[in-house]
Amino acid sequence: MQDHNKRFVERDRNWHPPAYAPGYKTSVPRSPQQALASMQQATASELTGPDFRHLRMGPHDNDLLLNFREDPALAGAAGLPVGERIIMFGRVIDQFGKPVPHTLVEMWQANAGGRYRHKNDRYLAPLDPGFGGVGRTLTDEQGWYRFRTIKPGPYPWPNDPNSWRPSHIHVSVMGPSISTRLITQMYFEGDPLIPLCPIVHTIKDPAAVETMIGRLDMARSKPMDCLAYRFDLVVRGELQTYFENQ
């Protein structure tokens, strides 16, 4: 039997949704109106990038239960965030299953009520005074990363009269240069809003959607504390995670 993890497979560009997807209304003004220009020669900024091995991380950069409360500008903030405590973890690997060590993984999300700490978020759910919604970490020698956070809530958005985004966490993986940064979203296993989401509908291949679903892992869950969801990030190849910016 052929091992598909051991051979390189070029990315199928048809796997990704079209830039113009009328069912996802904000794609209409954002989609290109003219033919794309091909860049024949990459510049130095597109080929080189930061080395994260010596990046100094804060003690709680990957712990969203604590990192916002430690901001000096927020002295006297409320206690721990409200919501379901979870662990989000996984490995960053290449198409051969080889780990990608010392790479920067960033994440951002809404709070338990479905609201982002952003000036343009006008959803009626309240802000959580103890939750910022952003974190970062470096993968270890085996490509593992880990965050402790709150499960984000779903939220409505004005795509049509009753569109709701499933609970999700945005994830960024930094490659060897700024042009190779990869961005995706992690949804939660079993969420009934996933097949109803207009954004998810733009992805026609069910296998691509499956790569964006975090799986409940009871072995990594902590009794009387938090559940754990595993979300591996495959950066290229046949089993690649779906990344929205490729």
# chains A, B, ... in the order shown; residues from 1 in each chain; ligands from 1
$ closest_atom_pairs --of "region 31-140 of chain A" --to "region 152-173 of chain A" --cutoff "6 Å" --atoms "only C-alpha atoms" --output "Markdown table"
| residue | atom | partner | partner_atom | distance |
| --- | --- | --- | --- | --- |
| A:Leu104 | CA | A:Val173 | CA | 6.0 |
| A:Val105 | CA | A:Val173 | CA | 4.8 |
| A:Glu106 | CA | A:Ser172 | CA | 5.0 |
| A:Met107 | CA | A:Val171 | CA | 4.5 |
| A:Trp108 | CA | A:His170 | CA | 5.3 |
| A:Gln109 | CA | A:Ile169 | CA | 5.0 |
| A:Ala110 | CA | A:Pro152 | CA | 5.3 |
| A:Asn111 | CA | A:Pro152 | CA | 5.0 |
| A:Ala112 | CA | A:Pro152 | CA | 4.5 |
| A:Gly113 | CA | A:Gly153 | CA | 5.0 |
| A:Gly114 | CA | A:Gly153 | CA | 4.1 |
$ residues_around --residues "region 143-148 of chain A" --least-positions-apart "3" --cutoff "7 Å" --atoms "only C-alpha atoms" --output "list of chain:residue names"
A:Asn62, A:Asp63, A:Leu64, A:Leu65, A:Ile86, A:Ile87, A:Met88, A:Phe89, A:Gly90, A:Arg91, A:Val92, A:Ile93, A:Pro99, A:Val100, A:Pro101, A:Thr137, A:Leu138, A:Thr139, A:Asp140
$ closest_residue --among "A:Val82, A:Leu66, A:Met186, A:Val28" --to "Glu244 (chain A)" --atoms "only C-alpha atoms"
A:Met186
$ closest_residue --among "A:Ile150, A:Ile199, A:Ile213, A:Ala207" --to "Cys226 (chain A)" --atoms "only C-alpha atoms"
A:Ile150
$ atom_distance --atom1 "CA of Thr184 (chain A)" --atom2 "CA of Arg236 (chain A)"
13.2 Å
$ closest_atom_pairs --of "region 187-221 of chain A" --to "region 12-22 of chain A" --cutoff "12 Å" --atoms "only C-alpha atoms" --output "JSON lines"
{"residue": "A:Pro198", "atom": "CA", "partner": "A:Ala21", "partner_atom": "CA", "distance": 9.6}
{"residue": "A:Ile199", "atom": "CA", "partner": "A:Ala21", "partner_atom": "CA", "distance": 9.1}
{"residue": "A:Val200", "atom": "CA", "partner": "A:Pro17", "partner_atom": "CA", "distance": 9.5}
{"residue": "A:His201", "atom": "CA", "partner": "A:Pro17", "partner_atom": "CA", "distance": 8.9}
{"residue": "A:Thr202", "atom": "CA", "partner": "A:Pro17", "partner_atom": "CA", "distance": 5.3}
{"residue": "A:Ile203", "atom": "CA", "partner": "A:Pro17", "partner_atom": "CA", "distance": 5.2}
{"residue": "A:Lys204", "atom": "CA", "partner": "A:Pro17", "partner_atom": "CA", "distance": 7.0}
{"residue": "A:Asp205", "atom": "CA", "partner": "A:Trp15", "partner_atom": "CA", "distance": 6.5}
{"residue": "A:Pro206", "atom": "CA", "partner": "A:Trp15", "partner_atom": "CA", "distance": 9.8}
{"residue": "A:Ala207", "atom": "CA", "partner": "A:Trp15", "partner_atom": "CA", "distance": 9.3}
{"residue": "A:Ala208", "atom": "CA", "partner": "A:Trp15", "partner_atom": "CA", "distance": 7.2}
{"residue": "A:Val209", "atom": "CA", "partner": "A:Trp15", "partner_atom": "CA", "distance": 10.3}
$ select_by_dssp --residues "region 14-225 of chain A" --states "strand (DSSP E or B)" --output "PyMOL selection string"
chain A and resi 63+85-93+99+104-109+134-138+144-150+155-157+163-165+168-173+182-188+213-216+222
$ write_last_selection --atoms "N, CA and C atoms" --output "compact mmCIF listing (two decimals), in the first residue's frame"
# COMPACT_ATOMS: atom_id res chain seq x y z
N ASP A 63 -1.10 31.52 27.29
CA ASP A 63 -2.14 31.25 28.27
C ASP A 63 -3.09 32.43 28.31
N ARG A 85 -13.27 26.59 29.85
CA ARG A 85 -11.82 26.53 29.73
C ARG A 85 -11.42 25.36 28.83
N ILE A 86 -10.50 25.60 27.89
CA ILE A 86 -10.06 24.55 26.99
C ILE A 86 -8.55 24.65 26.78
N ILE A 87 -7.99 23.54 26.33
CA ILE A 87 -6.61 23.49 25.84
C ILE A 87 -6.68 23.24 24.34
N MET A 88 -5.96 24.02 23.58
CA MET A 88 -5.82 23.84 22.14
C MET A 88 -4.37 23.47 21.87
N PHE A 89 -4.13 22.32 21.24
CA PHE A 89 -2.75 21.88 21.05
C PHE A 89 -2.64 21.10 19.75
N GLY A 90 -1.41 20.85 19.34
CA GLY A 90 -1.18 20.06 18.14
C GLY A 90 0.26 20.18 17.69
N ARG A 91 0.51 19.68 16.49
CA ARG A 91 1.86 19.72 15.91
C ARG A 91 1.83 20.47 14.59
N VAL A 92 2.91 21.17 14.30
CA VAL A 92 3.13 21.76 12.99
C VAL A 92 4.11 20.83 12.27
N ILE A 93 3.66 20.25 11.16
CA ILE A 93 4.48 19.27 10.44
C ILE A 93 4.42 19.55 8.95
N PRO A 99 8.52 17.30 11.86
CA PRO A 99 8.12 18.48 12.63
C PRO A 99 8.76 19.76 12.12
N LEU A 104 6.76 30.30 14.78
CA LEU A 104 5.82 31.10 15.55
C LEU A 104 4.38 30.74 15.19
N VAL A 105 3.59 30.39 16.20
CA VAL A 105 2.17 30.13 16.04
C VAL A 105 1.42 31.20 16.82
N GLU A 106 0.56 31.93 16.15
CA GLU A 106 -0.24 32.97 16.78
C GLU A 106 -1.72 32.61 16.66
N MET A 107 -2.53 33.09 17.58
CA MET A 107 -3.96 32.83 17.52
C MET A 107 -4.73 34.03 18.07
N TRP A 108 -5.97 34.19 17.58
CA TRP A 108 -6.85 35.23 18.10
C TRP A 108 -8.29 34.75 17.97
N GLN A 109 -9.15 35.26 18.84
CA GLN A 109 -10.49 34.71 18.93
C GLN A 109 -11.45 35.66 19.64
N VAL A 134 -5.94 37.03 22.44
CA VAL A 134 -4.80 36.81 21.55
C VAL A 134 -3.70 36.05 22.29
N GLY A 135 -2.94 35.24 21.56
CA GLY A 135 -1.84 34.50 22.16
C GLY A 135 -0.81 34.12 21.12
N ARG A 136 0.35 33.71 21.58
CA ARG A 136 1.41 33.27 20.67
C ARG A 136 2.30 32.28 21.40
N THR A 137 2.98 31.46 20.61
CA THR A 137 3.92 30.50 21.17
C THR A 137 4.86 30.03 20.07
N LEU A 138 5.95 29.38 20.47
CA LEU A 138 6.87 28.77 19.52
C LEU A 138 6.73 27.25 19.61
N TRP A 144 5.49 20.65 18.45
CA TRP A 144 4.29 20.78 19.28
C TRP A 144 4.07 22.24 19.69
N TYR A 145 2.80 22.62 19.74
CA TYR A 145 2.41 23.91 20.30
C TYR A 145 1.24 23.69 21.26
N ARG A 146 0.95 24.67 22.10
CA ARG A 146 -0.13 24.52 23.09
C ARG A 146 -0.62 25.89 23.53
N PHE A 147 -1.94 26.03 23.63
CA PHE A 147 -2.56 27.23 24.19
C PHE A 147 -3.59 26.81 25.23
N ARG A 148 -3.72 27.62 26.28
CA ARG A 148 -4.85 27.48 27.20
C ARG A 148 -5.73 28.71 27.02
N THR A 149 -7.04 28.49 26.85
CA THR A 149 -7.91 29.60 26.53
C THR A 149 -9.34 29.29 26.94
N ILE A 150 -10.26 30.10 26.44
CA ILE A 150 -11.70 29.94 26.63
C ILE A 150 -12.33 29.58 25.29
N TYR A 155 -21.29 33.85 16.84
CA TYR A 155 -21.82 35.21 16.79
C TYR A 155 -22.51 35.45 15.45
N PRO A 156 -23.50 36.34 15.43
CA PRO A 156 -24.18 36.66 14.17
C PRO A 156 -23.37 37.64 13.35
N TRP A 157 -23.60 37.63 12.05
CA TRP A 157 -22.95 38.62 11.18
C TRP A 157 -23.90 38.92 10.02
N SER A 163 -27.41 34.82 9.61
CA SER A 163 -26.12 34.13 9.47
C SER A 163 -25.38 34.13 10.80
N TRP A 164 -24.82 32.98 11.16
CA TRP A 164 -24.03 32.86 12.38
C TRP A 164 -22.72 32.18 12.05
N ARG A 165 -21.65 32.69 12.64
CA ARG A 165 -20.36 32.05 12.52
C ARG A 165 -20.24 30.98 13.59
N HIS A 168 -14.95 29.45 16.57
CA HIS A 168 -13.70 29.21 15.85
C HIS A 168 -12.57 30.03 16.45
N ILE A 169 -11.36 29.57 16.22
CA ILE A 169 -10.14 30.26 16.63
C ILE A 169 -9.28 30.47 15.38
N HIS A 170 -8.86 31.69 15.14
CA HIS A 170 -7.97 31.99 14.03
C HIS A 170 -6.54 31.59 14.40
N VAL A 171 -5.82 30.99 13.47
CA VAL A 171 -4.47 30.49 13.73
C VAL A 171 -3.55 30.94 12.60
N SER A 172 -2.39 31.43 12.97
CA SER A 172 -1.37 31.84 12.01
C SER A 172 -0.09 31.06 12.28
N VAL A 173 0.53 30.55 11.21
CA VAL A 173 1.82 29.87 11.30
C VAL A 173 2.80 30.64 10.43
N LEU A 182 1.00 31.47 6.96
CA LEU A 182 -0.21 30.72 6.65
C LEU A 182 -1.26 31.00 7.72
N ILE A 183 -2.51 31.19 7.29
CA ILE A 183 -3.59 31.53 8.21
C ILE A 183 -4.77 30.59 7.98
N THR A 184 -5.33 30.10 9.06
CA THR A 184 -6.49 29.22 8.96
C THR A 184 -7.40 29.46 10.17
N GLN A 185 -8.43 28.65 10.30
CA GLN A 185 -9.33 28.71 11.44
C GLN A 185 -9.54 27.31 11.97
N MET A 186 -9.65 27.19 13.28
CA MET A 186 -10.00 25.91 13.88
C MET A 186 -11.44 25.96 14.35
N TYR A 187 -12.26 25.08 13.80
CA TYR A 187 -13.62 24.89 14.27
C TYR A 187 -13.63 23.74 15.29
N PHE A 188 -14.76 23.54 15.93
CA PHE A 188 -14.84 22.54 16.98
C PHE A 188 -15.70 21.35 16.52
N ILE A 213 -11.01 21.28 11.52
CA ILE A 213 -11.81 20.93 12.69
C ILE A 213 -10.91 20.36 13.79
N GLY A 214 -10.95 21.00 14.95
CA GLY A 214 -10.22 20.49 16.11
C GLY A 214 -10.96 19.31 16.72
N ARG A 215 -10.22 18.26 17.08
CA ARG A 215 -10.83 17.03 17.59
C ARG A 215 -10.69 16.95 19.10
N LEU A 216 -11.79 16.60 19.74
CA LEU A 216 -11.78 16.44 21.19
C LEU A 216 -10.81 15.34 21.58
N LYS A 222 -8.02 17.90 31.18
CA LYS A 222 -7.65 17.92 32.59
C LYS A 222 -8.92 17.78 33.43
$ atom_distance --atom1 "CA of Ile194 (chain A)" --atom2 "CA of Asp94 (chain A)"
26.5 Å
$ closest_residue --among "A:Pro59, A:Arg30, A:Pro81, A:Glu189" --to "Leu127 (chain A)" --atoms "only C-alpha atoms"
A:Pro81
$ atom_distance --atom1 "CA of Asn67 (chain A)" --atom2 "CA of Gly132 (chain A)"
7.8 Å
$ select_by_dssp --residues "region 53-181 of chain A" --states "helix (DSSP H, G or I)" --output "PyMOL selection string"
chain A and resi 53-54+72-74+178-180
$ write_last_selection --atoms "all heavy atoms" --output "CSV table (one decimal), in the first residue's frame"
chain,number,residue,atom,x,y,z
A,53,ARG,N,13.9,31.5,16.8
A,53,ARG,CA,14.5,30.6,17.8
A,53,ARG,C,15.0,31.4,19.0
A,53,ARG,O,15.0,30.9,20.1
A,53,ARG,CB,15.7,29.8,17.2
A,53,ARG,CG,15.3,28.7,16.3
A,53,ARG,CD,16.5,28.1,15.7
A,53,ARG,NE,17.2,29.0,14.8
A,53,ARG,CZ,18.3,28.7,14.2
A,53,ARG,NH1,18.9,27.4,14.3
A,53,ARG,NH2,19.0,29.5,13.4
A,54,HIS,N,15.3,32.7,18.8
A,54,HIS,CA,15.8,33.5,20.0
A,54,HIS,C,14.7,34.5,20.4
A,54,HIS,O,15.0,35.4,21.2
A,54,HIS,CB,17.1,34.2,19.6
A,54,HIS,CG,18.1,33.3,19.1
A,54,HIS,ND1,18.7,32.3,19.9
A,54,HIS,CD2,18.7,33.1,17.9
A,54,HIS,CE1,19.6,31.6,19.3
A,54,HIS,NE2,19.6,32.1,18.0
A,72,PRO,N,0.4,45.7,32.0
A,72,PRO,CA,0.5,46.8,33.0
A,72,PRO,C,-0.6,47.9,32.9
A,72,PRO,O,-0.9,48.6,33.8
A,72,PRO,CB,1.9,47.4,32.7
A,72,PRO,CG,2.6,46.3,32.0
A,72,PRO,CD,1.6,45.5,31.3
A,73,ALA,N,-1.1,48.1,31.6
A,73,ALA,CA,-2.1,49.1,31.4
A,73,ALA,C,-3.5,48.7,32.0
A,73,ALA,O,-4.4,49.5,32.0
A,73,ALA,CB,-2.2,49.4,29.9
A,74,LEU,N,-3.6,47.4,32.4
A,74,LEU,CA,-4.8,46.9,32.9
A,74,LEU,C,-4.8,46.6,34.4
A,74,LEU,O,-5.5,45.6,34.8
A,74,LEU,CB,-5.2,45.7,32.1
A,74,LEU,CG,-5.4,45.9,30.6
A,74,LEU,CD1,-5.5,44.6,29.9
A,74,LEU,CD2,-6.6,46.8,30.3
A,178,ILE,N,7.9,36.5,5.5
A,178,ILE,CA,6.5,37.1,5.7
A,178,ILE,C,5.5,36.6,4.6
A,178,ILE,O,4.3,36.5,4.9
A,178,ILE,CB,6.6,38.6,5.8
A,178,ILE,CG1,5.3,39.2,6.3
A,178,ILE,CG2,7.0,39.2,4.4
A,178,ILE,CD1,4.9,38.8,7.7
A,179,SER,N,6.0,36.4,3.4
A,179,SER,CA,5.1,35.9,2.4
A,179,SER,C,4.7,34.5,2.5
A,179,SER,O,3.8,34.0,1.8
A,179,SER,CB,5.8,36.1,1.0
A,179,SER,OG,6.9,35.3,0.9
A,180,THR,N,5.3,33.8,3.4
A,180,THR,CA,4.9,32.4,3.6
A,180,THR,C,4.1,32.2,4.9
A,180,THR,O,4.0,31.0,5.4
A,180,THR,CB,6.2,31.4,3.6
A,180,THR,OG1,7.1,31.9,4.6
A,180,THR,CG2,6.9,31.4,2.3
